[in-house]
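What follows is one structure encoded as structure tokens, with my remarks underneath.
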Amino acid sequence: MSTPWHVLGAGSLGTLWATRLARAGHPVRLIVRDTARLLAYQAAGGLTLVEHGEATTYAVPAETADRGEPIQRLLVACKAYDAEKAVAQLAPRLAPDAEVILLQNGLGSQDAVAAQLPQARCISASSTEGAFREGEWRVVFAGHGYTWLGDASHPVAPIWLEDLAVAGIPHEWSPDILTRLWRKLALNCAINPLTVLHNCRNGGLQDHQCEVATLCAELAELLERCGQPAAAENLQQEVERVIHATAANYSSMYQDVSNHRRTEISYLLGHACKVAARHQLNLPHLNQLQQRLIHHLQSLGLPSD
Ligand code: NAP
């Protein structure tokens with residue numbers, strides 16, 4: 001029997017991974033928030049993935065954190081602000097040599113989780129796949145993409161990448177995962193907060209080119225200072241390319257705010273500003289952007305952390 005995949009968080013990405021692994025025949029266990037969520041899940045009869053307009057339900061077994069077998073392989077699919085607390089609840093069940101795969105966007109949550117699990121191997125992921133919740137336990141696979149996985153402290157790839165290949169999850173082992181995470185964070189910082197503040201689609205930032213360019217210069221300075229020069233290369237050009245290529249899209253932060261959901265600001269722009277301060281780097285425009293975004297979130301009654 002192959003090692004089960006325990007999936008913590010039955011949201012968009014958790015469902016996308018759990019359903020594809022389960023349909024490829026891999027053992028999967030879903031870990032939901034509490035007994036009420038477990039009962040609701042059981043009543044629904046499984047996770048539904050909508051792909052190319054077709055819905056299929058997979059009866060993936062589910063459990064709560066406090067009961068079940070020891071966990072050898074854990075996929076953490078919560079938001080960045082929930083990851084540390086959700087993993088802490090599971091710590092007593094983790095095998096001493098457990099592997100923990102962290103799907104969170106941004107930076108900061110991966111280190112927080114790793115610090116509380118010194119014996120586990122923590123692997124970070126950066127994904128361009130897109131999915132959203134259409135209803136309870138029902139997720140739409142909205143954008144095909146790629147997932148890079150890596151472990152900054154240990155370059156050897158794990159054997160279970162084969163499970164992902166069998167499940168048709170496009171992926172690559174990345175020895176420079178930190179560079180990828182920083183690059184994605186920088187792109188996010190240059191685009192997402194401005195789409196919220198200017199209330200526009202990504203393409204709307206074509207009218208704010210100077211503001212974008214100033215932020216890119218400060219972000220590149222930050223990346224250089226924290227030992228990520230490769231992530232700084234041609235940052236402004238890539239930001240402009242992304243704005244153009246995704247002109248009709250609303251950014252994930254814009255969508256969170258317009259749906260009155262908490263954002264992951266602390267792990268994106270907030271993390272960038274925190275690291276800059278730690279390096280005593282003065283980045284006035286980035287700091288001002290953070291303050292404007294915090295005020296905006298507070299004015300809407302949304303958490304600003
Ligand atoms: P999501 O749809 O909000 O799902 C998060 C899930 O975590 C929810 O089902 C939530 O449970 C669950 N959760 C939170 N605390 C928990 C706990 N203590 N125990 C069990 N479950 C818990 O979020 P998402 O969109 O999948 O995003 C996950 C991460 O992936 C984020 O960092 C995001 O930025 C990143 N990401 C997402 C996408 C995408 O397309 N969605 C793409 C790339 C990266 P409830 O259902 O009970 O609230």
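Chains: A, B, ... in order of the structure tokens. Residues: from 1 per chain. Ligands: from 1, in order shown.
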Which of region 28-214 of chain A DSSP labels strand (DSSP E), written as a count of residues only: 59
Nearby polymer residues, ligand 1, at most 6 Å, only C-alpha atoms and all ligand atoms, as a PyMOL selection string: chain A and resi 8-14+31-33+77-80+82+86+103-105+127-132
Extract, using only C-alpha atoms, all DNA, RNA and protein residues at most 10 Å from region 237-239 of chain A, discarding same-chain residues fewer than 3 positions from it, and format them as a PDB file with N, CA, C and O atoms, in the first residue's frame.
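Writing the result to result26.pdb gives the following:
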ATOM      1  N   ARG A 183      10.260  35.797  -6.597  1.00  0.00           N
ATOM      2  CA  ARG A 183       9.880  36.421  -7.866  1.00  0.00           C
ATOM      3  C   ARG A 183       8.347  36.588  -7.924  1.00  0.00           C
ATOM      4  O   ARG A 183       7.828  37.626  -8.289  1.00  0.00           O
ATOM      5  N   ALA A 186       7.251  39.310  -5.631  1.00  0.00           N
ATOM      6  CA  ALA A 186       7.525  40.648  -6.170  1.00  0.00           C
ATOM      7  C   ALA A 186       6.487  41.017  -7.239  1.00  0.00           C
ATOM      8  O   ALA A 186       5.985  42.149  -7.259  1.00  0.00           O
ATOM      9  N   LEU A 187       6.159  40.080  -8.112  1.00  0.00           N
ATOM     10  CA  LEU A 187       5.131  40.341  -9.145  1.00  0.00           C
ATOM     11  C   LEU A 187       3.813  40.698  -8.469  1.00  0.00           C
ATOM     12  O   LEU A 187       3.121  41.642  -8.857  1.00  0.00           O
ATOM     13  N   ASN A 188       3.486  39.936  -7.439  1.00  0.00           N
ATOM     14  CA  ASN A 188       2.242  40.175  -6.713  1.00  0.00           C
ATOM     15  C   ASN A 188       2.236  41.576  -6.087  1.00  0.00           C
ATOM     16  O   ASN A 188       1.257  42.311  -6.208  1.00  0.00           O
ATOM     17  N   CYS A 189       3.369  41.939  -5.445  1.00  0.00           N
ATOM     18  CA  CYS A 189       3.440  43.257  -4.770  1.00  0.00           C
ATOM     19  C   CYS A 189       3.315  44.409  -5.767  1.00  0.00           C
ATOM     20  O   CYS A 189       2.796  45.474  -5.433  1.00  0.00           O
ATOM     21  N   ALA A 190       3.820  44.201  -6.990  1.00  0.00           N
ATOM     22  CA  ALA A 190       3.794  45.284  -7.979  1.00  0.00           C
ATOM     23  C   ALA A 190       2.419  45.423  -8.627  1.00  0.00           C
ATOM     24  O   ALA A 190       2.108  46.471  -9.189  1.00  0.00           O
ATOM     25  N   ILE A 191       1.621  44.375  -8.578  1.00  0.00           N
ATOM     26  CA  ILE A 191       0.340  44.397  -9.313  1.00  0.00           C
ATOM     27  C   ILE A 191      -0.872  44.408  -8.381  1.00  0.00           C
ATOM     28  O   ILE A 191      -1.735  45.306  -8.449  1.00  0.00           O
ATOM     29  N   VAL A 212       3.944  51.823 -11.189  1.00  0.00           N
ATOM     30  CA  VAL A 212       4.393  50.425 -11.283  1.00  0.00           C
ATOM     31  C   VAL A 212       5.913  50.382 -11.391  1.00  0.00           C
ATOM     32  O   VAL A 212       6.580  49.592 -10.694  1.00  0.00           O
ATOM     33  N   ALA A 213       6.485  51.238 -12.225  1.00  0.00           N
ATOM     34  CA  ALA A 213       7.940  51.234 -12.437  1.00  0.00           C
ATOM     35  C   ALA A 213       8.686  51.571 -11.141  1.00  0.00           C
ATOM     36  O   ALA A 213       9.705  50.954 -10.811  1.00  0.00           O
ATOM     37  N   CYS A 216       8.628  48.570  -8.927  1.00  0.00           N
ATOM     38  CA  CYS A 216       9.529  47.522  -9.429  1.00  0.00           C
ATOM     39  C   CYS A 216      10.971  47.834  -9.054  1.00  0.00           C
ATOM     40  O   CYS A 216      11.730  46.922  -8.685  1.00  0.00           O
ATOM     41  N   GLU A 233      16.026  40.092 -11.738  1.00  0.00           N
ATOM     42  CA  GLU A 233      16.349  40.321 -13.156  1.00  0.00           C
ATOM     43  C   GLU A 233      15.126  40.676 -13.986  1.00  0.00           C
ATOM     44  O   GLU A 233      14.140  39.926 -13.974  1.00  0.00           O
ATOM     45  N   ASN A 234      15.204  41.763 -14.697  1.00  0.00           N
ATOM     46  CA  ASN A 234      14.123  42.202 -15.610  1.00  0.00           C
ATOM     47  C   ASN A 234      12.750  42.168 -14.951  1.00  0.00           C
ATOM     48  O   ASN A 234      11.756  41.791 -15.596  1.00  0.00           O
ATOM     49  N   VAL A 242       3.082  40.708 -17.661  1.00  0.00           N
ATOM     50  CA  VAL A 242       1.957  40.061 -16.961  1.00  0.00           C
ATOM     51  C   VAL A 242       0.723  40.970 -17.006  1.00  0.00           C
ATOM     52  O   VAL A 242      -0.394  40.509 -17.265  1.00  0.00           O
ATOM     53  N   ILE A 243       0.930  42.271 -16.797  1.00  0.00           N
ATOM     54  CA  ILE A 243      -0.196  43.218 -16.826  1.00  0.00           C
ATOM     55  C   ILE A 243      -0.884  43.158 -18.205  1.00  0.00           C
ATOM     56  O   ILE A 243      -2.113  43.122 -18.311  1.00  0.00           O
ATOM     57  N   HIS A 244      -0.066  43.088 -19.245  1.00  0.00           N
ATOM     58  CA  HIS A 244      -0.595  43.041 -20.610  1.00  0.00           C
ATOM     59  C   HIS A 244      -1.304  41.698 -20.879  1.00  0.00           C
ATOM     60  O   HIS A 244      -2.430  41.663 -21.371  1.00  0.00           O
ATOM     61  N   ALA A 245      -0.608  40.595 -20.503  1.00  0.00           N
ATOM     62  CA  ALA A 245      -1.140  39.260 -20.818  1.00  0.00           C
ATOM     63  C   ALA A 245      -2.401  38.929 -20.020  1.00  0.00           C
ATOM     64  O   ALA A 245      -3.219  38.120 -20.447  1.00  0.00           O
TER      65      ALA A 245
END
Residue neighbourhood Asp256 (chain A), 12 Å, only C-alpha atoms, exclusion window fewer than 3 positions, as a ChimeraX atom specification: /A:79,132,192-193,195-196,250-253,259-265,297,302-303
Shell around Leu289 (chain A) at 9 Å using only C-alpha atoms, local window under 4 positions removed, as JSON, numbers by chain: {"A": [193, 194, 215, 269, 284, 285, 293, 294]}
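Residues within 9 Å of region 273-282 of chain A, counting only C-alpha atoms and excluding same-chain residues fewer than 2 positions away, are Glu218, Glu221, Leu222, Arg225, Cys226, Leu268, Leu269, Gly270, His271, Pro284, Leu286, Asn287 and Gln290 of chain A.
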Residue with smallest distance to Asp151 (chain A) - pool A:Gln298, A:Gln236, A:Asn199, A:Thr179, counting only C-alpha atoms: A:Thr179
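With only C-alpha atoms as the atoms that count, the residue of A:Pro170, A:Glu99, A:Asp111, A:Lys184 with the shortest distance to Pro158 (chain A) is A:Glu99.
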Nearest to Arg133 (chain A) by atom-to-atom distance, counting only C-alpha atoms, from A:Val113, A:Ile101, A:Leu107, A:Leu16: A:Leu16
Helix (DSSP H, G or I) positions in region 19-72 of chain A, given as a PDB file with C-alpha atoms, in the first residue's frame:
ATOM      1  CA  THR A  19      -9.409  14.789  -6.500  1.00  0.00           C
ATOM      2  CA  ARG A  20      -6.639  14.289  -9.056  1.00  0.00           C
ATOM      3  CA  LEU A  21      -4.591  12.127  -6.675  1.00  0.00           C
ATOM      4  CA  ALA A  22      -7.673  10.068  -5.742  1.00  0.00           C
ATOM      5  CA  ARG A  23      -8.778   9.484  -9.329  1.00  0.00           C
ATOM      6  CA  THR A  35     -16.853  17.840  13.342  1.00  0.00           C
ATOM      7  CA  ALA A  36     -19.501  20.157  11.908  1.00  0.00           C
ATOM      8  CA  ARG A  37     -17.531  20.460   8.654  1.00  0.00           C
ATOM      9  CA  LEU A  38     -16.966  16.691   8.640  1.00  0.00           C
ATOM     10  CA  LEU A  39     -20.703  16.017   8.925  1.00  0.00           C
ATOM     11  CA  ALA A  40     -21.441  18.559   6.180  1.00  0.00           C
ATOM     12  CA  TYR A  41     -18.820  16.943   3.953  1.00  0.00           C
ATOM     13  CA  GLN A  42     -20.173  13.452   4.553  1.00  0.00           C
ATOM     14  CA  ALA A  43     -23.705  14.640   3.741  1.00  0.00           C
ATOM     15  CA  ALA A  44     -22.409  16.064   0.430  1.00  0.00           C
TER      16      ALA A  44
END
Selection: 12 Å around Ala114 (chain A), only C-alpha atoms, excl. self and same-chain fewer than 2 positions, as a list in words: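 Residues meeting the cut-off are Val76, Ala83, Glu84, Val87, Ala88, Ala91, Ala98, Glu99, Val100, Ile101, Leu102, Gly108, Ser109, Gln110, Asp111, Ala112, Gln116, Leu117, Pro118, Gln119, Ala120, Arg121, Cys122, Ile123, Ser124, Asp151, Ala152 and Ser153 of chain A.
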What would the file look like if the residues just selected were written as a compact mmCIF listing (two decimals), in the first residue's frame with N, CA and C atoms?
# COMPACT_ATOMS: atom_id res chain seq x y z
N VAL A 76 -0.38 20.78 2.79
CA VAL A 76 -1.06 21.88 3.50
C VAL A 76 -1.66 22.82 2.46
N ALA A 83 -2.14 28.51 8.00
CA ALA A 83 -1.29 27.32 7.89
C ALA A 83 -0.63 26.93 9.22
N GLU A 84 -0.03 27.91 9.91
CA GLU A 84 0.74 27.60 11.12
C GLU A 84 -0.17 26.94 12.17
N VAL A 87 -1.49 23.41 11.08
CA VAL A 87 -0.47 22.36 11.17
C VAL A 87 -0.18 22.04 12.63
N ALA A 88 -0.20 23.05 13.50
CA ALA A 88 0.07 22.82 14.94
C ALA A 88 -0.93 21.80 15.50
N ALA A 91 0.32 18.36 14.66
CA ALA A 91 1.69 17.98 15.03
C ALA A 91 1.77 16.64 15.77
N ALA A 98 8.15 12.79 8.80
CA ALA A 98 7.07 13.18 7.89
C ALA A 98 7.55 14.20 6.86
N GLU A 99 6.83 14.21 5.73
CA GLU A 99 7.10 15.22 4.71
C GLU A 99 5.87 16.12 4.61
N VAL A 100 6.12 17.42 4.59
CA VAL A 100 5.02 18.40 4.60
C VAL A 100 5.17 19.29 3.38
N ILE A 101 4.15 19.30 2.54
CA ILE A 101 4.21 20.10 1.31
C ILE A 101 3.34 21.34 1.51
N LEU A 102 3.95 22.50 1.30
CA LEU A 102 3.28 23.77 1.63
C LEU A 102 2.89 24.50 0.34
N GLY A 108 6.81 33.52 4.36
CA GLY A 108 6.64 33.78 5.80
C GLY A 108 5.93 32.61 6.47
N SER A 109 4.87 32.11 5.84
CA SER A 109 4.14 31.01 6.47
C SER A 109 4.95 29.72 6.41
N GLN A 110 5.74 29.54 5.34
CA GLN A 110 6.54 28.30 5.20
C GLN A 110 7.55 28.20 6.34
N ASP A 111 8.23 29.32 6.64
CA ASP A 111 9.23 29.30 7.72
C ASP A 111 8.54 29.10 9.07
N ALA A 112 7.36 29.70 9.23
CA ALA A 112 6.64 29.56 10.51
C ALA A 112 6.25 28.09 10.73
N GLN A 116 8.06 25.03 13.61
CA GLN A 116 7.37 24.23 14.63
C GLN A 116 7.45 22.72 14.36
N LEU A 117 8.07 22.35 13.23
CA LEU A 117 8.22 20.93 12.91
C LEU A 117 9.68 20.62 12.58
N PRO A 118 10.59 20.73 13.56
CA PRO A 118 12.02 20.60 13.23
C PRO A 118 12.39 19.23 12.64
N GLN A 119 11.59 18.19 12.95
CA GLN A 119 11.99 16.88 12.44
C GLN A 119 11.43 16.56 11.06
N ALA A 120 10.42 17.30 10.66
CA ALA A 120 9.78 17.00 9.37
C ALA A 120 10.57 17.65 8.23
N ARG A 121 10.39 17.10 7.04
CA ARG A 121 10.96 17.74 5.86
C ARG A 121 9.89 18.63 5.25
N CYS A 122 10.15 19.93 5.18
CA CYS A 122 9.15 20.85 4.62
C CYS A 122 9.53 21.23 3.20
N ILE A 123 8.58 21.05 2.31
CA ILE A 123 8.80 21.33 0.88
C ILE A 123 7.84 22.44 0.48
N SER A 124 8.38 23.48 -0.15
CA SER A 124 7.52 24.60 -0.55
C SER A 124 7.12 24.43 -2.01
N ASP A 151 12.98 22.29 -1.86
CA ASP A 151 13.34 22.31 -0.45
C ASP A 151 14.70 23.01 -0.37
N ALA A 152 14.68 24.25 0.11
CA ALA A 152 15.89 25.08 0.09
C ALA A 152 17.04 24.44 0.87
N SER A 153 16.70 23.56 1.85
CA SER A 153 17.77 23.01 2.67
C SER A 153 18.23 21.62 2.21
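Counting only C-alpha atoms, the residue from A:Leu149, A:Val140, A:Ala248, A:Ala65 that sits nearest to Leu205 (chain A) is A:Ala248.
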Which residue of A:Arg292, A:Thr214, A:Gly143, A:Leu223 approaches Asn249 (chain A) most closely, using only C-alpha atoms: A:Gly143
